[in-house]
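Colleague: Hey, dropping entry-v1.txt in here, compact mmCIF, C-alpha atoms:
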# COMPACT_ATOMS: atom_id res chain seq x y z
CA MET A 243 167.25 111.49 38.09
CA LYS A 244 165.77 114.92 37.49
CA ASN A 245 163.23 116.32 39.94
CA LYS A 246 159.91 117.72 38.76
CA LEU A 247 161.01 121.32 38.23
CA GLN A 248 164.25 120.33 36.50
CA ASN A 249 162.08 118.72 33.83
CA TYR A 250 160.48 122.12 33.25
CA PHE A 251 163.65 124.17 33.69
CA PRO A 252 166.83 122.37 32.53
CA ILE A 253 168.88 125.35 33.75
CA ILE A 254 168.36 124.17 37.35
CA ARG A 255 171.52 122.56 38.71
CA THR A 256 171.96 119.43 40.79
CA ARG A 257 172.79 119.39 44.49
CA GLY A 258 176.33 118.21 43.72
CA GLU A 259 176.93 121.07 41.29
CA VAL A 260 175.73 123.67 43.79
CA LEU A 261 177.86 122.28 46.62
CA GLU A 262 180.91 122.09 44.37
CA GLU A 263 180.63 125.78 43.46
CA LEU A 264 180.16 126.72 47.10
CA ARG A 265 183.29 124.82 48.15
CA GLU A 266 185.35 126.56 45.47
CA ASN A 267 184.57 129.96 47.00
CA LYS A 268 185.92 130.26 50.55
CA GLU A 269 183.67 133.18 51.52
CA LEU A 270 180.51 131.53 50.21
CA TRP A 271 181.41 128.22 51.82
CA LYS A 272 182.08 129.98 55.14
CA THR A 273 178.67 131.66 54.97
CA PHE A 274 176.97 128.39 54.05
CA CYS A 275 178.67 126.49 56.90
CA GLY A 276 177.59 129.21 59.33
CA TRP A 277 173.92 128.45 58.70
CA LYS A 278 171.89 125.93 60.66
CA GLU A 279 171.52 122.55 58.97
CA THR A 280 167.84 123.21 58.28
CA CYS A 281 168.74 126.50 56.55
CA GLN A 282 171.43 124.80 54.48
CA GLN A 283 168.90 122.22 53.34
CA GLU A 284 166.36 124.96 52.56
CA TYR A 285 168.91 126.82 50.42
CA LEU A 286 169.92 123.69 48.50
CA ASP A 287 166.25 122.79 47.92
CA LEU A 288 165.62 126.25 46.44
CA CYS A 289 168.66 126.24 44.16
CA THR A 290 168.05 122.69 42.91
CA GLY A 291 164.30 122.94 42.33
CA VAL A 292 163.33 120.45 45.04
CA LYS A 293 161.18 123.32 46.30
CA GLY A 294 159.98 126.42 44.55
CA ILE A 295 160.86 129.89 45.82
CA LYS A 296 158.23 131.80 47.75
CA LEU A 297 158.32 135.13 45.94
CA LEU A 298 156.35 137.18 48.46
CA TYR A 299 159.60 138.03 50.18
CA ASP A 300 161.14 141.45 49.70
CA THR A 301 164.43 140.49 48.05
CA TYR A 302 162.96 137.87 45.73
CA PHE A 303 159.90 139.99 44.92
CA LYS A 304 161.95 143.05 43.98
CA ALA A 305 164.25 140.92 41.85
CA ILE A 306 161.47 139.84 39.49
CA MET A 307 158.52 142.19 40.26
CA ASN A 308 160.17 145.57 40.86
CA PRO A 309 157.68 148.29 39.81
CA ASP A 310 160.57 150.32 38.32
CA THR A 311 162.08 147.53 36.23
CA ARG A 312 159.07 145.21 35.72
CA PRO A 313 156.11 147.64 35.60
CA ASP A 314 153.99 145.38 33.36
CA ARG A 315 154.10 142.54 35.89
CA PHE A 316 153.46 144.77 38.88
CA ASN A 317 150.61 146.53 37.04
CA ASP A 318 148.91 143.21 36.35
CA PHE A 319 149.42 141.99 39.91
CA ILE A 320 148.13 145.13 41.62
CA SER A 321 145.20 145.37 39.18
CA GLU A 322 144.08 141.89 40.22
CA MET A 323 144.47 142.87 43.87
CA LEU A 324 142.27 145.94 43.44
CA GLY A 325 139.79 144.36 41.07
CA GLN A 326 140.30 147.12 38.48
CA ARG A 327 142.88 147.96 35.83
CA VAL A 328 145.52 150.37 37.12
CA LYS A 329 148.99 151.46 36.05
CA VAL A 330 151.94 152.32 38.28
CA LEU A 331 153.46 155.72 37.60
CA LYS A 332 156.36 155.58 40.06
CA VAL A 333 157.61 154.06 43.31
CA LEU A 334 157.41 156.38 46.32
CA PRO A 335 159.84 156.45 49.23
CA ASN A 336 158.32 154.81 52.28
CA GLU A 337 158.27 157.71 54.72
CA SER A 338 155.55 156.22 56.86
CA ALA A 339 155.81 156.78 60.60
CA ARG A 340 155.99 153.08 61.31
CA ILE A 341 157.54 151.94 64.54
CA ALA A 342 160.96 150.63 63.49
CA ALA A 343 160.54 147.25 65.17
CA GLU A 344 157.20 146.69 63.49
CA SER A 345 158.49 147.71 60.06
CA SER A 346 161.33 145.23 60.37
CA LEU A 347 158.84 142.41 60.82
CA LEU A 348 157.17 143.06 57.48
CA VAL A 349 158.10 140.60 54.76
CA MET A 350 157.53 143.22 52.08
CA ASP A 351 156.40 146.84 51.97
CA VAL A 352 156.07 148.81 48.70
CA VAL A 353 154.39 152.19 48.13
CA VAL A 354 153.55 153.26 44.56
CA GLN A 355 151.76 156.13 42.87
CA LEU A 356 149.30 155.09 40.19
CA GLU A 357 148.74 156.85 36.88
CA ASP A 358 145.60 158.63 38.11
CA GLY A 359 147.52 160.03 41.10
CA SER A 360 146.19 157.59 43.68
CA ILE A 361 148.56 155.77 46.04
CA ALA A 362 148.78 152.07 46.79
CA ASN A 363 150.63 150.50 49.69
CA VAL A 364 151.35 146.79 49.19
CA GLU A 365 152.69 144.86 52.15
CA VAL A 366 153.14 141.23 53.13
CA GLN A 367 153.06 140.11 56.74
CA LYS A 368 154.56 136.80 57.79
CA ILE A 369 152.24 136.83 60.78
CA GLY A 370 149.16 139.02 60.93
CA TYR A 371 149.54 141.82 63.47
CA LEU A 372 146.95 142.37 66.16
CA PHE A 373 144.23 144.94 65.38
CA PRO A 374 144.65 144.77 61.57
CA GLY A 375 141.80 147.19 60.91
CA GLU A 376 143.01 149.90 63.27
CA ARG A 377 146.60 149.46 62.13
CA SER A 378 145.77 149.64 58.41
CA ALA A 379 143.54 152.66 58.94
CA CYS A 380 146.38 154.52 60.68
CA TYR A 381 148.90 153.87 57.89
CA SER A 382 146.31 154.65 55.23
CA ALA A 383 145.67 157.97 56.97
CA ASP A 384 149.41 158.58 57.07
CA LEU A 385 149.69 158.06 53.30
CA LEU A 386 146.64 160.28 52.74
CA LEU A 387 148.18 163.07 54.81
CA ARG A 388 151.48 162.77 52.92
CA GLN A 389 149.60 163.14 49.64
CA TYR A 390 147.68 166.15 50.99
CA LYS A 391 150.86 167.92 52.13
CA ARG A 392 152.61 167.19 48.84
CA ALA A 393 149.65 168.52 46.82
CA ARG A 394 149.44 171.69 48.93
CA GLU A 395 153.16 172.38 48.40
CA GLU A 396 153.09 171.67 44.66
CA LEU A 397 149.83 173.49 43.80
CA GLY A 398 149.93 176.36 46.26
CA ALA A 399 146.99 178.74 45.80
CA THR A 400 145.45 176.53 43.09
CA PHE A 401 145.11 173.60 45.49
CA SER A 402 141.69 171.97 45.74
CA TYR A 403 140.55 168.89 47.62
CA LYS A 404 139.58 167.39 44.27
CA ASN A 405 143.35 167.01 43.72
CA ILE A 406 143.49 164.41 46.52
CA LYS A 407 143.24 160.89 45.09
CA LYS A 408 142.41 157.51 46.59
CA VAL A 409 144.73 155.61 48.91
CA TYR A 410 144.66 151.84 48.55
CA THR A 411 146.02 149.58 51.29
CA ILE A 412 146.75 146.01 50.20
CA VAL A 413 147.82 143.54 52.88
CA LEU A 414 148.69 139.88 52.27
CA PHE A 415 148.95 137.64 55.34
CA GLU A 416 150.99 134.44 55.24
CA LYS A 417 149.30 133.59 58.53
CA SER A 418 146.10 135.57 58.94
CA GLY A 419 144.70 136.77 62.24
CA SER A 420 141.88 135.12 64.16
CA GLU A 421 139.40 137.76 62.91
CA PHE A 422 139.62 136.27 59.43
CA ARG A 423 140.04 132.59 60.33
CA LYS A 424 137.05 132.58 62.66
CA PHE A 425 134.93 134.43 60.10
CA SER A 426 135.37 131.90 57.30
CA ALA A 427 137.54 128.99 56.19
CA GLU A 428 136.39 129.53 52.59
CA LEU A 429 136.85 133.28 52.04
CA TYR A 430 140.41 134.52 51.57
CA LEU A 431 139.83 137.90 49.86
CA HIS A 432 138.25 140.82 51.75
CA ARG A 433 137.76 144.28 50.25
CA PHE A 434 136.62 147.30 52.30
CA ARG A 435 135.43 150.78 51.41
CA GLN A 436 133.46 153.33 53.42
CA THR A 437 129.75 153.62 52.60
CA SER A 438 126.85 155.54 54.06
CA ASP A 439 123.72 154.11 55.70
CA THR A 440 121.51 156.06 53.27
CA GLY A 441 123.19 155.17 49.99
CA VAL A 442 124.47 158.67 49.25
CA GLU A 443 127.79 158.49 47.36
CA ILE A 444 130.75 160.63 48.42
CA ASN A 445 134.41 159.84 47.84
CA LEU A 446 136.03 159.05 51.19
CA LEU A 447 139.28 158.11 49.44
CA GLN A 448 140.43 155.11 51.51
CA GLU A 449 140.02 151.49 50.40
CA TYR A 450 141.48 148.27 51.78
CA THR A 451 142.17 144.79 50.42
CA PHE A 452 143.15 141.92 52.73
CA VAL A 453 144.31 138.56 51.36
CA CYS A 454 144.59 135.54 53.70
CA LEU A 455 147.16 133.34 52.00
CA ASP A 456 146.88 130.55 54.58
CA ILE A 457 143.16 130.20 53.84
CA PHE A 458 143.81 130.46 50.09
CA ASN A 459 146.48 127.76 50.25
CA ASN A 460 144.19 125.42 52.18
CA ILE A 461 141.58 125.89 49.47
CA ILE A 462 143.89 125.65 46.46
CA HIS A 463 145.53 122.44 47.73
CA ASN A 464 142.19 120.62 47.61
CA LYS A 465 142.72 117.96 44.94
CA ASP A 466 139.47 118.90 43.19
CA LYS A 467 140.15 122.66 43.26
CA LYS A 468 141.26 124.33 40.04
CA ILE A 469 142.99 127.68 39.63
CA GLU A 470 140.05 129.75 38.46
CA ASN A 471 141.28 133.23 37.53
CA LYS A 472 144.28 135.53 37.10
CA LEU A 473 144.21 136.62 40.73
CA GLU A 474 144.56 133.03 41.89
CA GLU A 475 147.37 132.53 39.36
CA TRP A 476 149.29 135.42 40.92
CA LEU A 477 148.69 134.15 44.45
CA VAL A 478 149.91 130.66 43.52
CA PHE A 479 152.95 132.15 41.77
CA LEU A 480 153.92 134.43 44.65
CA SER A 481 153.17 132.21 47.64
CA GLN A 482 153.59 128.57 46.59
CA ASP A 483 156.82 126.56 46.83
CA ASP A 484 155.14 123.21 46.13
CA PRO A 485 156.50 121.93 42.75
CA ASP A 486 153.15 120.28 41.95
CA MET A 487 151.33 123.59 42.38
CA ILE A 488 153.95 125.39 40.29
CA MET A 489 153.53 122.88 37.47
CA LYS A 490 149.75 123.19 37.78
CA LEU A 491 150.14 126.95 37.28
CA LEU A 492 152.50 126.55 34.31
CA ASP A 493 150.13 124.13 32.62
CA ARG A 494 147.30 126.65 32.99
CA ASN A 495 149.25 129.81 32.09
CA PRO A 496 152.63 129.41 30.30
CA GLU A 497 153.24 133.17 30.70
CA PHE A 498 154.69 132.45 34.13
CA GLN A 499 157.31 130.17 32.55
CA LYS A 500 159.42 133.18 31.57
CA ILE A 501 159.32 134.64 35.09
CA TYR A 502 160.36 131.33 36.65
CA GLU A 503 163.23 131.12 34.18
CA GLU A 504 164.43 134.50 35.47
CA ILE A 505 164.27 133.15 38.99
CA TYR A 506 166.38 130.11 38.22
CA THR A 507 168.81 132.26 36.26
CA LEU A 508 169.23 134.23 39.48
CA CYS A 509 170.00 130.96 41.24
CA LEU A 510 173.00 130.52 38.96
CA ASN A 511 174.52 133.63 40.55
CA MET A 512 175.52 131.90 43.75
CA GLU A 513 176.86 135.02 45.46
CA GLY A 514 173.73 137.07 44.73
CA MET A 515 171.46 134.18 45.69
CA MET A 516 173.23 133.67 49.00
CA GLU A 517 172.98 137.37 49.77
CA MET A 518 169.21 137.34 49.16
CA PHE A 519 168.77 134.14 51.18
CA SER A 520 170.80 135.59 54.07
CA LYS A 521 168.51 138.62 54.18
CA GLU A 522 165.47 136.35 54.24
CA LEU A 523 167.00 134.37 57.12
CA GLU A 524 167.29 137.60 59.10
CA ILE A 525 163.62 138.33 58.42
CA MET A 526 162.64 134.78 59.39
CA ASP A 527 164.61 135.07 62.64
CA ARG A 528 162.82 138.28 63.54
CA ASN A 529 159.49 136.77 62.64
CA THR A 530 160.28 133.72 64.77
CA VAL A 531 160.65 136.09 67.72
CA LYS A 532 157.37 137.76 66.76
CA LEU A 533 155.69 134.36 66.53
CA MET A 534 157.00 133.38 69.96
CA ILE A 535 155.72 136.66 71.42
CA ASP A 536 152.32 136.15 69.78
CA GLU A 537 152.15 132.55 71.02
CA MET A 538 153.06 133.62 74.56
CA GLU A 539 150.49 136.41 74.40
CA GLU A 540 147.90 133.97 73.13
CA GLU A 541 148.82 131.54 75.92
CA LEU A 542 148.59 134.35 78.48
CA ASN A 543 145.18 135.38 77.15
CA GLU A 544 144.03 131.76 77.33
CA THR A 545 145.29 131.50 80.93
CA LYS A 546 143.46 134.73 81.80
CA ARG A 547 140.32 133.43 80.14
CA LYS A 548 140.45 130.15 82.06
CA ALA A 549 141.19 131.96 85.32
CA LYS A 550 138.22 134.26 84.71
CA GLU A 551 135.99 131.27 83.97
CA GLU A 552 137.18 129.50 87.14
CA LEU A 553 136.63 132.68 89.18
CA ASN A 554 133.14 133.07 87.76
CA GLU A 555 132.40 129.41 88.47
CA THR A 556 133.69 129.80 92.03
CA LYS A 557 131.57 132.93 92.52
CA GLN A 558 128.52 131.19 91.12
CA LYS A 559 129.10 128.15 93.29
CA ALA A 560 129.61 130.32 96.40
CA LYS A 561 126.44 132.26 95.54
CA GLU A 562 124.48 129.04 95.15
CA GLU A 563 125.87 127.69 98.44
CA LEU A 564 125.03 130.98 100.21
CA ASN A 565 121.50 130.92 98.82
CA GLU A 566 121.14 127.29 99.90
CA THR A 567 122.42 128.16 103.39
CA LYS A 568 119.99 131.07 103.57
CA ARG A 569 117.18 128.83 102.39
CA LYS A 570 118.01 126.19 105.01
CA ALA A 571 118.40 128.83 107.72
CA LYS A 572 115.05 130.38 106.79
CA LYS A 573 113.46 126.96 106.86
CA GLU A 574 114.94 126.26 110.30
CA VAL A 575 113.84 129.68 111.59
CA ASP A 576 110.33 129.12 110.22
CA GLU A 577 110.26 125.72 111.90
CA VAL A 578 111.40 127.23 115.22
CA LYS A 579 108.78 129.96 114.89
CA ARG A 580 106.09 127.37 114.10
CA LYS A 581 107.00 125.25 117.13
CA ALA A 582 107.24 128.32 119.34
CA LYS A 583 103.81 129.44 118.13
CA GLU A 584 102.37 126.01 118.84
CA GLU A 585 103.93 125.97 122.31
CA ILE A 586 102.62 129.48 123.03
CA GLU A 587 99.14 128.48 121.89
CA GLU A 588 99.34 125.32 124.00
CA ALA A 589 100.51 127.34 127.02
CA GLU A 590 97.68 129.82 126.49
CA LYS A 591 95.21 126.92 126.36
CA ARG A 592 96.63 125.51 129.64
CA ALA A 593 96.57 128.92 131.25
CA LYS A 594 92.94 129.43 130.20
CA ALA A 595 92.01 125.96 131.47
CA ALA A 596 93.76 126.69 134.78
CA GLU A 597 91.92 129.98 135.04
CA GLU A 598 88.60 128.27 134.34
CA GLU A 599 89.44 125.63 136.96
CA ASN A 600 90.30 128.34 139.49
CA GLU A 601 87.00 130.06 138.75
CA ARG A 602 85.13 126.79 139.21
CA LEU A 603 86.88 126.13 142.52
CA ARG A 604 86.17 129.70 143.69
CA ARG A 605 82.47 129.28 142.98
CA THR A 606 82.48 125.92 144.70
CA LEU A 607 84.07 127.43 147.81
CA GLU A 608 81.61 130.28 147.84
CA GLU A 609 78.72 127.80 147.59
CA GLN A 610 80.14 125.77 150.49
CA LYS A 611 80.60 128.89 152.55
CA GLY A 612 77.03 129.97 151.90
CA LYS A 613 75.66 126.64 153.07
CA ARG A 614 77.59 126.85 156.35
CA ASP A 615 76.29 130.32 157.05
CA ILE A 616 72.68 129.17 156.60
CA SER A 617 73.07 126.27 158.93
Write out the structure in this file as C-alpha cells.

Modeller:
Amino acid sequence: MKNKLQNYFPIIRTRGEVLEELRENKELWKTFCGWKETCQQEYLDLCTGVKGIKLLYDTYFKAIMNPDTRPDRFNDFISEMLGQRVKVLKVLPNESARIAAESSLLVMDVVVQLEDGSIANVEVQKIGYLFPGERSACYSADLLLRQYKRAREELGATFSYKNIKKVYTIVLFEKSGSEFRKFSAELYLHRFRQTSDTGVEINLLQEYTFVCLDIFNNIIHNKDKKIENKLEEWLVFLSQDDPDMIMKLLDRNPEFQKIYEEIYTLCLNMEGMMEMFSKELEIMDRNTVKLMIDEMEEELNETKRKAKEELNETKQKAKEELNETKRKAKKEVDEVKRKAKEEIEEAEKRAKAAEEENERLRRTLEEQKGKRDIS
C-alpha cells in the first residue's frame, strides 16, 4: 500500500527497494549499519516518503535552492523574507569572524549580494543562541565593514559613503529563544530597522528579520489554520516534514510539485543521499551537545534563581523575626520602666508620708516639752 507522498510522487521507492540497494553496495551498507537505529529509521522514512525532508538544512537547501544554480527560487524566497522584491547578483564567500565552534552549530549560513549592491546574510539556527540581538548586530556590522573595505579598495579616490548599501540579516530559528516565546505565541515574524525618536529619515543601512519556526509551526498545525500567503508557503516547504502539511501546500500551490520531484530524484542517488544525510547527522550531533549545554545552563540559572529567592525569603524572615524581637524587647523595657516609675513614685509617697509623720512627732514632742517647762 502506497503512503501519502507516494501517491503524489510515484518515483518514491518502497522500504524494501531502498534496503535492497543498500545491501548490494558494501560501503553504503557499512555506513548504514554504523548509524543508530533511530537514524536508520529516519533515513528510510525520508527516502520512502513516510516523512518529508526538512529543507532548511545546509546540504538539502543548497541542493535545490542554491543561489548560483537556482536563482529564481532563492530570489523569491529572500524577497518574501524581506517583504520586498529583490534579486541575487552573486554568492559571497563567508569571511565573517565567527567563532569556529559557533559557526559549526549553524544549520545553514549563506551570504549573497543583491542586484542593488546590498548584502543579505541568511542563516538557520537549530537552537536560538543567547543574546540574538547583540549577536546579529555584531555580524551585521562585520558584513557592513567588509562592504566598506571592498568599496574603498575598488573605488579609490572616487569612493563615497553613498556607495555603501544596506545589510540585511535574516535569521530563522527552529527553536526560538525565550525573548520571542515569552513575547507572543502568535507572532512568528519580527522585522527590525533603526528609526529616530523625531521621525527624521536617514539611512542607517542595517535591517534584521527574525523568523520563529517553532511558533509558526504551532500556528500552521491548527486544524482551522490555512496557508495564507507566499511567505507561509515557503516556510511550510522549507521546515515541514509532515506529509499532510506537504500535501496541503501542494494543493494550494502546485509550483512546489516540481521542487519536491527534484528532491525525490535526489533520493534515487543513494550514495549522494547518504552523504548528505551523514553531514546532517554530524550537525545534529553538534546541536545535541549545544542543546545539552543550553539545558544545563537553563537548569543552573533556575537553581540560582531559586537559591536567590530562598535567600531573600530567609533574609526577610530573619528581618521580621529581628523586628519582632526588638518590638517585644522594647515592650518589656517599657513595662520595666513603667513599673520602676510606679515604684519610685510609691517610694517617694512613702518617704513624704514618713517625713510628715516625723514632723508631726517633732511638734508633738516640742509641745510636751513646753508643758513640762511651764509646770

Colleague: List as an MDAnalysis selection string: which residues have an atom within 12 Å of (162.7, 130.9, 33.9), counting all atoms listed in the file?

Modeller: chainID A and resid 247:248 250:254 291 294 306 492 496:510

Colleague: Looking at A:Glu284, A:Lys278, A:Glu262, A:Leu480, which one is nearest to Phe519 in chain A, with distances taken over all atoms listed in the file?

Modeller: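 Of A:Glu284, A:Lys278, A:Glu262, A:Leu480, the one nearest Phe519 in chain A, counting all atoms listed in the file, is A:Glu284.
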
Colleague: Which range 273-343 of chain A residues have any atom within 12 Å of an atom of range 433-440 of chain A, and for each, what is the nearest pair of atoms with distance in Å to one decimal, counting only C-alpha atoms, rows sorted by chain and number, as a tab-separated table?

Modeller:
residue	atom	partner	partner_atom	distance
A:Met323	CA	A:Arg433	CA	9.4
A:Leu324	CA	A:Arg433	CA	8.3
A:Gly325	CA	A:Arg433	CA	9.4

Colleague: Which polymer residues have any atom within 7 Å of an atom of range 441-454 of chain A, counting all atoms listed in the file, with same-chain residues fewer than 4 positions away left out, as number ranges by chain?

Modeller: A: 382, 407-416, 418, 430-436, 458

Colleague: Can you pull out every residue within 12 Å of Arg257 in chain A, counting all atoms listed in the file, but drop anything in the same chain fewer than 5 positions away, and send it as a PDB file with C-alpha atoms, in the frame of the given file?

Modeller:
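In the end it all went to selection15.pdb:
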ATOM      1  CA  MET A 243     167.250 111.490  38.090  1.00  0.00           C
ATOM      2  CA  LYS A 244     165.770 114.920  37.490  1.00  0.00           C
ATOM      3  CA  ASN A 245     163.230 116.320  39.940  1.00  0.00           C
ATOM      4  CA  GLN A 248     164.250 120.330  36.500  1.00  0.00           C
ATOM      5  CA  GLU A 262     180.910 122.090  44.370  1.00  0.00           C
ATOM      6  CA  GLU A 263     180.630 125.780  43.460  1.00  0.00           C
ATOM      7  CA  LEU A 264     180.160 126.720  47.100  1.00  0.00           C
ATOM      8  CA  GLN A 282     171.430 124.800  54.480  1.00  0.00           C
ATOM      9  CA  GLN A 283     168.900 122.220  53.340  1.00  0.00           C
ATOM     10  CA  GLU A 284     166.360 124.960  52.560  1.00  0.00           C
ATOM     11  CA  TYR A 285     168.910 126.820  50.420  1.00  0.00           C
ATOM     12  CA  LEU A 286     169.920 123.690  48.500  1.00  0.00           C
ATOM     13  CA  ASP A 287     166.250 122.790  47.920  1.00  0.00           C
ATOM     14  CA  LEU A 288     165.620 126.250  46.440  1.00  0.00           C
ATOM     15  CA  CYS A 289     168.660 126.240  44.160  1.00  0.00           C
ATOM     16  CA  THR A 290     168.050 122.690  42.910  1.00  0.00           C
ATOM     17  CA  GLY A 291     164.300 122.940  42.330  1.00  0.00           C
ATOM     18  CA  VAL A 292     163.330 120.450  45.040  1.00  0.00           C
TER      19      VAL A 292
END

Colleague: Could you please determine the separation between CA of Glu587 in chain A and CA of Lys570 in chain A in Å, to one decimal place?

Modeller: 25.4 Å

Colleague: With only C-alpha atoms as the basis for distance, which of A:Thr311, A:Asn511, A:Gln558, A:Gln355 is at the shortest distance from Arg255 in chain A?

Modeller: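 Distance minimum relative to Arg255 in chain A lands on A:Asn511.
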
Colleague: Just to confirm, what's the straight-line distance from CA of Gln389 in chain A to CA of Ile406 in chain A in Å (one decimal)?

Modeller: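 Between CA of Gln389 in chain A and CA of Ile406 in chain A the gap is 7.0 Å.
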
Colleague: Give me, please, the distance in Å between CA of Gly370 in chain A and CA of Leu429 in chain A, quoted to one decimal.

Modeller: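 Between CA of Gly370 in chain A and CA of Leu429 in chain A the gap works out to 16.2 Å.
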
Colleague: For Trp476 in chain A, which of A:Thr400, A:Ser360, A:Asn495, A:Thr280 is the closest residue, counting all atoms listed in the file?

Modeller: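 Ranking A:Thr400, A:Ser360, A:Asn495, A:Thr280 by distance to Trp476 in chain A, first place goes to A:Asn495.
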
Colleague: When distances are computed from all atoms listed in the file, which of A:Ile369, A:Ile462, A:Met512, A:Leu564 shows the smallest separation from Leu491 in chain A?

Modeller: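 Checking each of A:Ile369, A:Ile462, A:Met512, A:Leu564 against Leu491 in chain A, counting all atoms listed in the file, the winner is A:Ile462.
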
Colleague: Limit the output to C-alpha atoms and give range 277-326 of chain A as a compact mmCIF listing (two decimals), in the first residue's frame.

Modeller:
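And here's decode_37.txt as it stands now:
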# COMPACT_ATOMS: atom_id res chain seq x y z
CA TRP A 277 24.19 4.53 12.31
CA LYS A 278 22.00 4.31 15.39
CA GLU A 279 18.69 2.53 14.85
CA THR A 280 16.78 5.80 15.17
CA CYS A 281 18.96 7.35 12.44
CA GLN A 282 18.46 4.34 10.18
CA GLN A 283 14.71 4.68 10.59
CA GLU A 284 14.91 8.43 9.92
CA TYR A 285 16.84 7.83 6.70
CA LEU A 286 14.42 5.17 5.46
CA ASP A 287 11.44 7.41 6.28
CA LEU A 288 12.96 10.22 4.21
CA CYS A 289 13.79 8.05 1.20
CA THR A 290 10.41 6.31 1.18
CA GLY A 291 8.20 9.36 1.73
CA VAL A 292 6.94 8.31 5.16
CA LYS A 293 8.26 11.72 6.20
CA GLY A 294 9.10 14.75 4.15
CA ILE A 295 12.59 16.23 4.12
CA LYS A 296 13.23 19.34 6.18
CA LEU A 297 14.94 21.54 3.61
CA LEU A 298 16.27 24.20 5.97
CA TYR A 299 19.44 22.16 6.33
CA ASP A 300 22.58 23.23 4.51
CA THR A 301 23.12 20.22 2.25
CA TYR A 302 19.47 19.80 1.28
CA PHE A 303 18.92 23.55 0.90
CA LYS A 304 21.90 24.02 -1.39
CA ALA A 305 20.85 21.04 -3.48
CA ILE A 306 17.54 22.61 -4.50
CA MET A 307 17.84 26.32 -3.52
CA ASN A 308 21.44 27.21 -4.38
CA PRO A 309 21.55 30.93 -5.31
CA ASP A 310 24.06 30.14 -8.08
CA THR A 311 22.10 27.32 -9.72
CA ARG A 312 18.51 28.15 -8.65
CA PRO A 313 18.50 31.98 -8.50
CA ASP A 314 14.78 32.28 -9.30
CA ARG A 315 13.82 30.20 -6.28
CA PHE A 316 16.24 31.93 -3.94
CA ASN A 317 15.13 35.36 -5.21
CA ASP A 318 11.51 34.55 -4.45
CA PHE A 319 12.34 33.14 -1.03
CA ILE A 320 14.53 36.04 0.10
CA SER A 321 12.05 38.58 -1.31
CA GLU A 322 9.33 37.12 0.91
CA MET A 323 11.72 37.21 3.87
CA LEU A 324 12.49 40.90 3.33
CA GLY A 325 8.98 41.92 2.34
CA GLN A 326 10.22 43.48 -0.92
